[in-house]
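*Asks:* Below you'll find the structure I mean.
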Amino acid sequence: MSDWSQEPRADSYDAVVIGSGFGGVSAAALLARAGLSVLLCERAENVGGYGHTIERGGYIFDPAVRVTHAAGPGGLYPAVLEHIGTSDRCRLVPVPRIYDVGLPDGRLLRVPAGFQELIDAYSGMFPESAEGFESFFRMCLLMHEQGHAMPMMLGLHNLDEAAATYPEYFAHQRRTLDEVAREHIPDDQARSAACALWPYQGAVPSQVGFIAVAQVLMNAVEGSYYSMGGFQTLIDAVIAGLEAYGGDVVTRNGAKRILVVDGKATGVVLESGHEVRAPLVVSNADARQTFLELVGADLLPANFLRRLERMTPSHSAFVAFVGTDLDLGALDIAHEVFIPTEWDHEVDAANIAEGRPAGTWIGVTTLVDPSLAPEGEHAITVSAIAAYDIDRPWEAHRQTYCELLLERAERVIPDLRNNIKFLETATPETLERFTGNTGGAIYGWEQSPLQSGTRRLPHVTPIEGLLLSGHWTLPGSGSTRSFASGVHTAGIALRMLGAGPPLPPAAASAANLPALD
Ligand SMILES: Cc1cc2nc3c(=O)[nH]c(=O)nc-3n(C[C@H](O)[C@H](O)[C@H](O)COP(=O)(O)OP(=O)(O)OC[C@H]3O[C@@H](n4cnc5c(N)ncnc54)[C@H](O)[C@@H]3O)c2cc1C
């Protein structure tokens with residue numbers, strides 16, 4: 001049963017935000033904090049999108065987000081939460097290791113937070129590649145630093161200057177993870193270990209953009225965080241700020257249409273038929289649905305429609321939710337563990353297409369927060385990158401896939417299948433049903449070089465007053481980037497209205513938010 005109203009209290013607002021994912025809630029709360037009247041409308045029963053936490057059989061699981069970044073002192077989350085007055089509503093705690101890799105030969109590579117620690121961990125396992133790791137990870141760091149320093153939106157007015165100031169970033173924009181890793185780390189097994197985090201960006205190393213992976217890795221190196229009680233507590237804290245500043249939230253009543261008059265957004269029609277007027281509409285929903293179903297292709301320029309048509313959504317995922325009474329603390333594994341299928345990650349392109357587990361990773365959130373499971377037990381999620389369309393119904397394939405996935409997990413959690421106390425699974429169809437992302441896309445557009453960084457869809461759309469926020473737009477996918485996207489969107493909207501910035505300038509600069517242009 002939902003805690004939220006289904007109908008808004010008013011018929012007109014300064015802004016309507018469609019969708020309550022990380023990118024929706026941050027935009028909504030900051031707009032309300034700046035003094036706008038805001039309605040957040042959500043089609044699902046609960047708020048949070050992929051940040052929603054579920055309770056099953058006495059266990060609490062995060063179906064998607066199990067780690068976030070930029071949550072330490074001065075980071076983006078504390079800056080926003082303090083500004084909206086709800087930093088006491090959730091507790092973001094650092095996790096000691098950013099991830100482990102259960103290597104195909106059975107060894108466990110343990111990767112602690114910290115840049116030198118990262119290099120040391122890899123070099124300790126593959127000493128002959130120490131120099132390669134050093135130069136590869138330094139290039140990742142440079143991408144991270146330059147990506148944050150340069151303006152977020154590039155156009156004719158600033159492109160040449162940005163390219164001259166950040167040459168390495170521009171030189172790597174079209175390159176894949178595999179290309180850059182090969183240049184620095186010739187040894188196949190050492191390079192495979194360095195690329196093992198590709199599932200965090202959802203495509204195998206020859207397809208995923210180097211910069212996208214480099215930035216996530218360097219975010220993690222600065223510190224990975226878990227939201228105690230599950231990521232719902234973080235989403236709820238942001239929404240509490242929205243409500244404290246007078247914002248309204250409705251659930252089970254999504255946007256059916258975005259109203260457009262003379263090329264300008266004028267409000268939304270909710271699924272209930274309620275028409276809500278607003279000169280500003282922010283969509284956190286699937287980008288293609290936003291334009292093709294909520295706005296309508298006839299109102300959009302042909303070149304924009306062609307671009308939308310050309311863009312490729314990310315893959316989806318399969319998730320097994322497992323309760324176990326095994327003593328996982330004794331295994332000394334991190335709360336995120338990647339389990340590559342083989343040394344050669346490229347075999348996973350075919351595995352994804354053909355419905356076999358690929359890019360498997362385990363999340364054991366109870367290692368950070370034991371309250372998520374009955375005493376002495378653990379709540380585990382075993383996820384893998386999966387295609388939505390595998391040429392047969394997922395329902396018929398669910399059990400076989402799950403068995404293969406859990407077998408893979410036993411590389412780092414021996415005998416897991418004999419010690420299961422709870423088991424449920426989510427297929428790509430489940431993810432699509434719960435979040436509205438077409439095909440259960442887990443990261444918005446695929447993070448290929450041509451769709452990453454400054455090449456993602458911009459926040460500003462061809463419809464005046466309609467802005468995007470979340471993983472379909474800049475700066476990219478994942479909780480931190482989606483959350484930052486909402487901050488940027490609020491900034492653009494407030495600037496259009498001639499209002500001040502969404503965050504106090506000192507907080508924005510400490511949080512390393514790139515300038516809007
Ligand atoms: C298995 C898995 C593991 C992941 N692990 C991590 C991780 O550990 N760390 C990390 O940072 N990221 C992770 N991600 C990625 C991350 O979850 C997403 O990139 C991010 O949460 C997307 O946020 P968003 O703001 O774009 O909105 P979404 O979460 O996509 O939410 C969009 C919201 O809009 C709503 N909506 C859609 N249409 C409408 C409409 N018409 N009207 C009203 N509402 C609508 C939806 O119901 C939904 O609530 C993972 C994803 C998956 C699936």
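Within each chain, counting starts at residue 1; across the structure tokens, chains are named A, B, ... in the order shown, with ligands numbered 1 upward in that order.
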Give me, as a PyMOL selection string, the set of residues whose atoms come within 7 Å of any atom of ligand 1, counting only C-alpha atoms and all ligand atoms.

*Replies:* chain A and resi 18-24+41-44+47-51+63-68+200+253-256+284-286+316-319+383+431+434-437+442-444+469-472+477-480+482-483

*Asks:* Write out as a list in words the residues lying within 8 Å of Ala121 (chain A), counting only C-alpha atoms and excluding same-chain residues fewer than 3 positions away.

*Replies:*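 Those residues are Leu109, Arg110, Val111, Pro112, Glu117, Leu118, Gly124 and Met125 of chain A.
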
*Asks:* Could you please write out, as number ranges by chain, every residue of region 75-294 of chain A that DSSP assigns to helix (DSSP H, G or I)?

*Replies:* A: 76-84, 87-89, 115-125, 127-149, 159-165, 167-172, 177-184, 188-194, 198-200, 210-222, 232-244, 287-294

*Asks:* Those same residues, written as a short mmCIF file (atom, residue, chain, number, x, y, z; two decimals), in the first residue's frame with C-alpha atoms?

*Replies:*
data_model
loop_
_atom_site.label_atom_id
_atom_site.label_comp_id
_atom_site.auth_asym_id
_atom_site.auth_seq_id
_atom_site.Cartn_x
_atom_site.Cartn_y
_atom_site.Cartn_z
CA LEU A 76 27.36 16.28 -3.75
CA TYR A 77 24.87 14.36 -1.60
CA PRO A 78 25.77 16.12 1.68
CA ALA A 79 25.69 19.49 -0.16
CA VAL A 80 22.15 18.87 -1.43
CA LEU A 81 20.85 17.28 1.78
CA GLU A 82 22.20 20.11 3.92
CA HIS A 83 20.73 22.71 1.58
CA ILE A 84 17.27 21.14 1.78
CA SER A 87 20.87 15.49 6.11
CA ASP A 88 19.81 13.87 9.40
CA ARG A 89 17.29 11.64 7.57
CA PHE A 115 44.34 5.89 -5.74
CA GLN A 116 47.69 4.47 -4.63
CA GLU A 117 45.86 1.62 -2.90
CA LEU A 118 44.15 0.78 -6.21
CA ILE A 119 47.49 0.62 -8.06
CA ASP A 120 49.09 -1.38 -5.25
CA ALA A 121 46.26 -3.91 -5.14
CA TYR A 122 46.46 -4.62 -8.87
CA SER A 123 50.26 -4.57 -8.95
CA GLY A 124 50.41 -6.95 -6.00
CA MET A 125 48.36 -9.49 -7.94
CA PRO A 127 53.56 -7.55 -10.52
CA GLU A 128 54.81 -7.73 -14.11
CA SER A 129 52.11 -5.22 -15.14
CA ALA A 130 52.76 -2.69 -12.35
CA GLU A 131 53.91 0.07 -14.73
CA GLY A 132 50.96 -0.50 -17.01
CA PHE A 133 48.47 -0.25 -14.14
CA GLU A 134 50.13 2.95 -12.97
CA SER A 135 49.85 4.66 -16.39
CA PHE A 136 46.36 3.27 -17.10
CA PHE A 137 44.88 4.39 -13.79
CA ARG A 138 46.64 7.79 -14.11
CA MET A 139 44.89 8.23 -17.46
CA CYS A 140 41.58 7.32 -15.77
CA LEU A 141 42.28 9.99 -13.15
CA LEU A 142 43.05 12.58 -15.81
CA MET A 143 39.73 11.84 -17.55
CA HIS A 144 37.95 12.30 -14.23
CA GLU A 145 39.71 15.58 -13.44
CA GLN A 146 39.32 17.05 -16.92
CA GLY A 147 35.70 15.88 -17.19
CA HIS A 148 34.86 17.76 -14.01
CA ALA A 149 36.88 20.86 -14.87
CA LEU A 159 34.22 23.85 -28.08
CA ASP A 160 37.58 25.03 -29.45
CA GLU A 161 38.67 26.47 -26.12
CA ALA A 162 37.67 23.30 -24.24
CA ALA A 163 39.48 21.09 -26.76
CA ALA A 164 42.66 23.18 -26.38
CA THR A 165 42.47 23.19 -22.57
CA PRO A 167 43.44 17.73 -25.00
CA GLU A 168 43.67 14.30 -23.34
CA TYR A 169 39.92 14.20 -22.65
CA PHE A 170 39.14 15.08 -26.27
CA ALA A 171 41.69 12.57 -27.56
CA HIS A 172 39.94 9.79 -25.60
CA LEU A 177 37.83 0.80 -22.60
CA ASP A 178 39.43 -2.10 -24.47
CA GLU A 179 41.46 0.14 -26.81
CA VAL A 180 42.92 2.23 -24.01
CA ALA A 181 43.54 -0.70 -21.67
CA ARG A 182 45.43 -2.58 -24.44
CA GLU A 183 47.69 0.42 -24.93
CA HIS A 184 48.73 0.45 -21.26
CA ASP A 188 45.79 -10.38 -21.18
CA GLN A 189 45.02 -11.47 -17.61
CA ALA A 190 46.20 -8.25 -15.96
CA ARG A 191 44.18 -6.20 -18.47
CA SER A 192 41.16 -8.40 -17.91
CA ALA A 193 41.36 -7.68 -14.16
CA ALA A 194 41.62 -3.92 -14.81
CA TRP A 198 32.67 -3.04 -17.09
CA PRO A 199 29.24 -4.18 -15.79
CA TYR A 200 29.10 -0.85 -13.89
CA PHE A 210 36.75 4.53 -21.80
CA ILE A 211 35.85 7.87 -20.23
CA ALA A 212 32.55 6.56 -18.83
CA VAL A 213 34.31 3.69 -17.02
CA ALA A 214 37.29 5.85 -15.98
CA GLN A 215 35.03 8.38 -14.30
CA VAL A 216 33.04 5.77 -12.37
CA LEU A 217 36.24 4.09 -11.22
CA MET A 218 37.77 7.36 -10.06
CA ASN A 219 34.55 8.34 -8.28
CA ALA A 220 34.78 5.02 -6.45
CA VAL A 221 38.45 5.52 -5.64
CA GLU A 222 37.51 8.76 -3.87
CA GLN A 232 15.30 4.14 -0.16
CA THR A 233 16.38 6.09 2.93
CA LEU A 234 18.38 8.45 0.72
CA ILE A 235 15.51 8.90 -1.77
CA ASP A 236 13.10 9.46 1.15
CA ALA A 237 15.42 12.07 2.71
CA VAL A 238 15.48 14.06 -0.53
CA ILE A 239 11.71 13.83 -0.85
CA ALA A 240 11.33 14.97 2.79
CA GLY A 241 13.25 18.11 1.76
CA LEU A 242 10.93 18.58 -1.21
CA GLU A 243 7.90 18.35 1.07
CA ALA A 244 9.45 20.61 3.72
CA ALA A 287 13.79 9.70 -22.98
CA ARG A 288 12.18 8.03 -26.00
CA GLN A 289 8.88 7.70 -24.13
CA THR A 290 9.13 11.34 -23.05
CA PHE A 291 9.42 12.57 -26.61
CA LEU A 292 7.48 10.01 -28.63
CA GLU A 293 4.63 9.20 -26.23
CA LEU A 294 4.30 12.13 -23.81
#

*Asks:* Might you pull out every residue within 6 Å of region 411-423 of chain A, with only C-alpha atoms counted and same-chain residues fewer than 5 positions away left off, and present them as a list in words?

*Replies:*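 My reading of the contact set: Phe321, Val322, Gly323 and Thr324 of chain A.
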
*Asks:* Save the residues we just selected, C-alpha atoms, as a PDB file, in the first residue's frame?

*Replies:*
ATOM      1  CA  PHE A 321      17.681 -11.867  -4.450  1.00  0.00           C
ATOM      2  CA  VAL A 322      19.157 -14.416  -2.074  1.00  0.00           C
ATOM      3  CA  GLY A 323      18.882 -14.847   1.700  1.00  0.00           C
ATOM      4  CA  THR A 324      21.512 -17.128   3.245  1.00  0.00           C
TER       5      THR A 324
END

*Asks:* Please determine, counting only C-alpha atoms, which residue among A:Pro502, A:Gly155, A:Pro428, A:Gly465 has the shortest atom-to-atom distance to Val281 (chain A).

*Replies:* A:Gly465

*Asks:* Please, what distance in Å, to one decimal, runs between CA of Glu309 (chain A) and CA of Ile258 (chain A)?

*Replies:*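 A separation of 20.1 Å between them.
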
*Asks:* Return the single residue from A:Ser452, A:Gln6, A:Ser12, A:Thr176 that is closest to Val268 (chain A), with distances computed using only C-alpha atoms.

*Replies:*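 So, comparing all the options, the nearest one is A:Ser12.
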
*Asks:* Of the candidates A:Leu328, A:Ala203, A:Ala396, A:Leu474, which shows the shortest atom-to-atom distance to Ser448 (chain A), using only C-alpha atoms?

*Replies:*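 Result for the nearest residue to Ser448 (chain A): A:Ala203.
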
*Asks:* Give me the residues within 10 Å of Pro462 (chain A) as a PDB file with N, CA and C atoms, in the first residue's frame, counting only C-alpha atoms and dropping any in the same chain fewer than 5 places off.

*Replies:*
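Ended up saving to out36.pdb:
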ATOM      1  N   GLY A 263       5.112  25.321 -29.204  1.00  0.00           N
ATOM      2  CA  GLY A 263       6.488  24.886 -28.959  1.00  0.00           C
ATOM      3  C   GLY A 263       6.937  25.012 -27.513  1.00  0.00           C
ATOM      4  N   LYS A 264       6.018  25.375 -26.611  1.00  0.00           N
ATOM      5  CA  LYS A 264       6.404  25.522 -25.199  1.00  0.00           C
ATOM      6  C   LYS A 264       5.603  24.548 -24.337  1.00  0.00           C
ATOM      7  N   PHE A 291       9.626  11.815 -25.371  1.00  0.00           N
ATOM      8  CA  PHE A 291       9.420  12.574 -26.609  1.00  0.00           C
ATOM      9  C   PHE A 291       8.336  11.956 -27.497  1.00  0.00           C
ATOM     10  N   LEU A 299       5.429  17.091 -32.883  1.00  0.00           N
ATOM     11  CA  LEU A 299       5.819  18.391 -32.329  1.00  0.00           C
ATOM     12  C   LEU A 299       7.339  18.554 -32.263  1.00  0.00           C
ATOM     13  N   LEU A 300       8.060  17.572 -32.793  1.00  0.00           N
ATOM     14  CA  LEU A 300       9.525  17.613 -32.645  1.00  0.00           C
ATOM     15  C   LEU A 300      10.213  17.752 -33.997  1.00  0.00           C
ATOM     16  N   PRO A 301      11.378  18.443 -34.013  1.00  0.00           N
ATOM     17  CA  PRO A 301      12.103  18.602 -35.280  1.00  0.00           C
ATOM     18  C   PRO A 301      12.595  17.255 -35.820  1.00  0.00           C
ATOM     19  N   PHE A 304      16.044  15.988 -34.697  1.00  0.00           N
ATOM     20  CA  PHE A 304      16.054  15.487 -33.324  1.00  0.00           C
ATOM     21  C   PHE A 304      15.465  14.066 -33.293  1.00  0.00           C
ATOM     22  N   LEU A 467      12.679  20.033 -19.750  1.00  0.00           N
ATOM     23  CA  LEU A 467      14.074  19.652 -19.498  1.00  0.00           C
ATOM     24  C   LEU A 467      14.134  18.175 -19.120  1.00  0.00           C
TER      25      LEU A 467
END

*Asks:* What separation in Å, quoted to one decimal, exists between CA of Asn158 (chain A) and CA of Ala27 (chain A)?

*Replies:*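 CA of Asn158 (chain A) sits 25.9 Å away from CA of Ala27 (chain A).
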
*Asks:* Measuring between only C-alpha atoms, which one of A:Glu375, A:Asp262, A:Glu429, A:Glu342 shows the shortest distance to Glu395 (chain A)?

*Replies:* A:Glu429

*Asks:* Hey, which of A:Pro151, A:Val249, A:Arg9, A:Trp343 ends up closest to Asn46 (chain A)? Count only C-alpha atoms.

*Replies:*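 Under the stated criterion, the closest residue is A:Val249.
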
*Asks:* Set the distance at 6 Å and use only C-alpha atoms: which residues neighbour region 358-370 of chain A once local chain neighbours fewer than 3 positions away are removed? I'd like the list as a PyMOL selection string.

*Replies:* chain A and resi 199+335-340+348+351-352+378-385

*Asks:* Quick one: write out the picked residues with C-alpha atoms as a PDB file, in the first residue's frame?

*Replies:*
ATOM      1  CA  PRO A 199      29.243  -4.184 -15.790  1.00  0.00           C
ATOM      2  CA  HIS A 335      30.238  -5.696  -0.473  1.00  0.00           C
ATOM      3  CA  GLU A 336      30.545  -5.602  -4.302  1.00  0.00           C
ATOM      4  CA  VAL A 337      32.327  -8.478  -6.073  1.00  0.00           C
ATOM      5  CA  PHE A 338      32.709  -8.848  -9.853  1.00  0.00           C
ATOM      6  CA  ILE A 339      32.866 -12.393 -11.196  1.00  0.00           C
ATOM      7  CA  PRO A 340      34.091 -12.294 -14.814  1.00  0.00           C
ATOM      8  CA  ASP A 348      29.977 -11.892 -22.814  1.00  0.00           C
ATOM      9  CA  ASN A 351      26.303 -14.517 -23.666  1.00  0.00           C
ATOM     10  CA  ILE A 352      24.169 -11.368 -23.239  1.00  0.00           C
ATOM     11  CA  HIS A 378      22.860 -12.126   4.796  1.00  0.00           C
ATOM     12  CA  ALA A 379      20.889 -10.492   1.991  1.00  0.00           C
ATOM     13  CA  ILE A 380      22.705 -10.956  -1.326  1.00  0.00           C
ATOM     14  CA  THR A 381      21.891  -9.751  -4.811  1.00  0.00           C
ATOM     15  CA  VAL A 382      23.517 -11.567  -7.704  1.00  0.00           C
ATOM     16  CA  SER A 383      23.160  -9.485 -10.879  1.00  0.00           C
ATOM     17  CA  ALA A 384      24.210  -9.947 -14.472  1.00  0.00           C
ATOM     18  CA  ILE A 385      23.963  -7.848 -17.596  1.00  0.00           C
TER      19      ILE A 385
END

*Asks:* For Ala490 (chain A), which residue out of A:Gly57, A:Leu31, A:Val93, A:Arg392 is the nearest one, using only C-alpha atoms?

*Replies:*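 Answer, going by the shortest atom-to-atom distance: A:Leu31.
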
*Asks:* Give me, as a ChimeraX atom specification, all polymer residues having an atom no more than 9 Å from Gly355 (chain A), counting only C-alpha atoms and skipping those fewer than 3 positions away in the same chain.

*Replies:* /A:350-352,358,386-392,394,397,401

*Asks:* Could you list, as a list of chain:residue names, every residue within 8 Å of Pro313 (chain A), counting only C-alpha atoms and ignoring same-chain residues fewer than 2 positions away?

*Replies:* A:Met311, A:His315, A:Ala441, A:Tyr443, A:Gly444, A:Trp445, A:Glu446

*Asks:* Find the distance between CA of Gly440 (chain A) and CA of Pro393 (chain A) and write it in Å to one decimal.

*Replies:*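 So the answer is 14.4 Å.
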
*Asks:* Among region 288-400 of chain A, which residues does DSSP mark as strand (DSSP E or B) when it is run on the backbone? Keep the chain and numbering as in the structure and answer as a PyMOL selection string.

*Replies:* chain A and resi 313+316-324+336-339+360-364+378-386

*Asks:* Let's have the selection written as an mmCIF file, in the first residue's frame, with N, CA and C atoms.

*Replies:*
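Contents of the output file out.cif:
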data_model
loop_
_atom_site.group_PDB
_atom_site.id
_atom_site.type_symbol
_atom_site.label_atom_id
_atom_site.label_comp_id
_atom_site.auth_asym_id
_atom_site.auth_seq_id
_atom_site.Cartn_x
_atom_site.Cartn_y
_atom_site.Cartn_z
ATOM 1 N N PRO A 313 19.622 2.116 -26.499
ATOM 2 C CA PRO A 313 19.517 1.987 -25.037
ATOM 3 C C PRO A 313 20.503 0.965 -24.487
ATOM 4 N N SER A 316 19.771 -4.542 -20.220
ATOM 5 C CA SER A 316 19.054 -4.653 -18.953
ATOM 6 C C SER A 316 19.875 -5.546 -18.012
ATOM 7 N N ALA A 317 19.196 -6.108 -17.014
ATOM 8 C CA ALA A 317 19.900 -6.990 -16.068
ATOM 9 C C ALA A 317 18.943 -8.060 -15.557
ATOM 10 N N PHE A 318 19.537 -9.123 -15.035
ATOM 11 C CA PHE A 318 18.798 -10.159 -14.308
ATOM 12 C C PHE A 318 19.325 -10.091 -12.877
ATOM 13 N N VAL A 319 18.422 -10.118 -11.905
ATOM 14 C CA VAL A 319 18.861 -10.012 -10.508
ATOM 15 C C VAL A 319 18.255 -11.154 -9.684
ATOM 16 N N ALA A 320 19.116 -11.858 -8.955
ATOM 17 C CA ALA A 320 18.629 -12.873 -8.004
ATOM 18 C C ALA A 320 18.768 -12.305 -6.596
ATOM 19 N N PHE A 321 17.676 -12.334 -5.836
ATOM 20 C CA PHE A 321 17.681 -11.867 -4.450
ATOM 21 C C PHE A 321 17.790 -13.107 -3.572
ATOM 22 N N VAL A 322 18.876 -13.179 -2.812
ATOM 23 C CA VAL A 322 19.157 -14.416 -2.074
ATOM 24 C C VAL A 322 19.313 -14.110 -0.590
ATOM 25 N N GLY A 323 18.635 -14.888 0.260
ATOM 26 C CA GLY A 323 18.882 -14.847 1.700
ATOM 27 C C GLY A 323 19.661 -16.096 2.069
ATOM 28 N N THR A 324 20.715 -15.943 2.868
ATOM 29 C CA THR A 324 21.512 -17.128 3.245
ATOM 30 C C THR A 324 21.986 -17.008 4.684
ATOM 31 N N GLU A 336 30.787 -5.435 -2.865
ATOM 32 C CA GLU A 336 30.545 -5.602 -4.302
ATOM 33 C C GLU A 336 31.667 -6.481 -4.854
ATOM 34 N N VAL A 337 31.303 -7.576 -5.522
ATOM 35 C CA VAL A 337 32.327 -8.478 -6.073
ATOM 36 C C VAL A 337 31.982 -8.795 -7.535
ATOM 37 N N PHE A 338 32.902 -8.481 -8.441
ATOM 38 C CA PHE A 338 32.709 -8.848 -9.853
ATOM 39 C C PHE A 338 33.204 -10.274 -10.075
ATOM 40 N N ILE A 339 32.450 -11.016 -10.894
ATOM 41 C CA ILE A 339 32.866 -12.393 -11.196
ATOM 42 C C ILE A 339 32.891 -12.550 -12.717
ATOM 43 N N THR A 360 28.705 -10.828 -14.380
ATOM 44 C CA THR A 360 28.050 -11.093 -13.088
ATOM 45 C C THR A 360 28.720 -10.309 -11.957
ATOM 46 N N TRP A 361 27.907 -9.770 -11.068
ATOM 47 C CA TRP A 361 28.472 -9.194 -9.844
ATOM 48 C C TRP A 361 27.550 -9.422 -8.668
ATOM 49 N N ILE A 362 28.189 -9.538 -7.480
ATOM 50 C CA ILE A 362 27.436 -9.827 -6.254
ATOM 51 C C ILE A 362 27.438 -8.586 -5.385
ATOM 52 N N GLY A 363 26.317 -8.298 -4.772
ATOM 53 C CA GLY A 363 26.259 -7.233 -3.773
ATOM 54 C C GLY A 363 25.846 -7.845 -2.438
ATOM 55 N N VAL A 364 26.673 -7.666 -1.432
ATOM 56 C CA VAL A 364 26.315 -8.195 -0.101
ATOM 57 C C VAL A 364 26.183 -6.992 0.841
ATOM 58 N N HIS A 378 22.467 -13.148 5.757
ATOM 59 C CA HIS A 378 22.860 -12.126 4.796
ATOM 60 C C HIS A 378 21.844 -12.003 3.665
ATOM 61 N N ALA A 379 21.705 -10.762 3.180
ATOM 62 C CA ALA A 379 20.889 -10.492 1.991
ATOM 63 C C ALA A 379 21.856 -10.233 0.835
ATOM 64 N N ILE A 380 21.776 -11.055 -0.187
ATOM 65 C CA ILE A 380 22.705 -10.956 -1.326
ATOM 66 C C ILE A 380 21.906 -10.674 -2.594
ATOM 67 N N THR A 381 22.450 -9.840 -3.461
ATOM 68 C CA THR A 381 21.891 -9.751 -4.811
ATOM 69 C C THR A 381 22.973 -10.240 -5.771
ATOM 70 N N VAL A 382 22.589 -11.129 -6.654
ATOM 71 C CA VAL A 382 23.517 -11.567 -7.704
ATOM 72 C C VAL A 382 22.936 -11.038 -9.012
ATOM 73 N N SER A 383 23.677 -10.137 -9.669
ATOM 74 C CA SER A 383 23.160 -9.485 -10.879
ATOM 75 C C SER A 383 24.025 -9.860 -12.071
ATOM 76 N N ALA A 384 23.436 -9.763 -13.240
ATOM 77 C CA ALA A 384 24.210 -9.947 -14.472
ATOM 78 C C ALA A 384 23.601 -9.077 -15.549
ATOM 79 N N ILE A 385 24.444 -8.653 -16.469
ATOM 80 C CA ILE A 385 23.963 -7.848 -17.596
ATOM 81 C C ILE A 385 23.197 -8.777 -18.538
ATOM 82 N N ALA A 386 22.000 -8.362 -18.944
ATOM 83 C CA ALA A 386 21.147 -9.241 -19.756
ATOM 84 C C ALA A 386 20.432 -8.441 -20.834
#
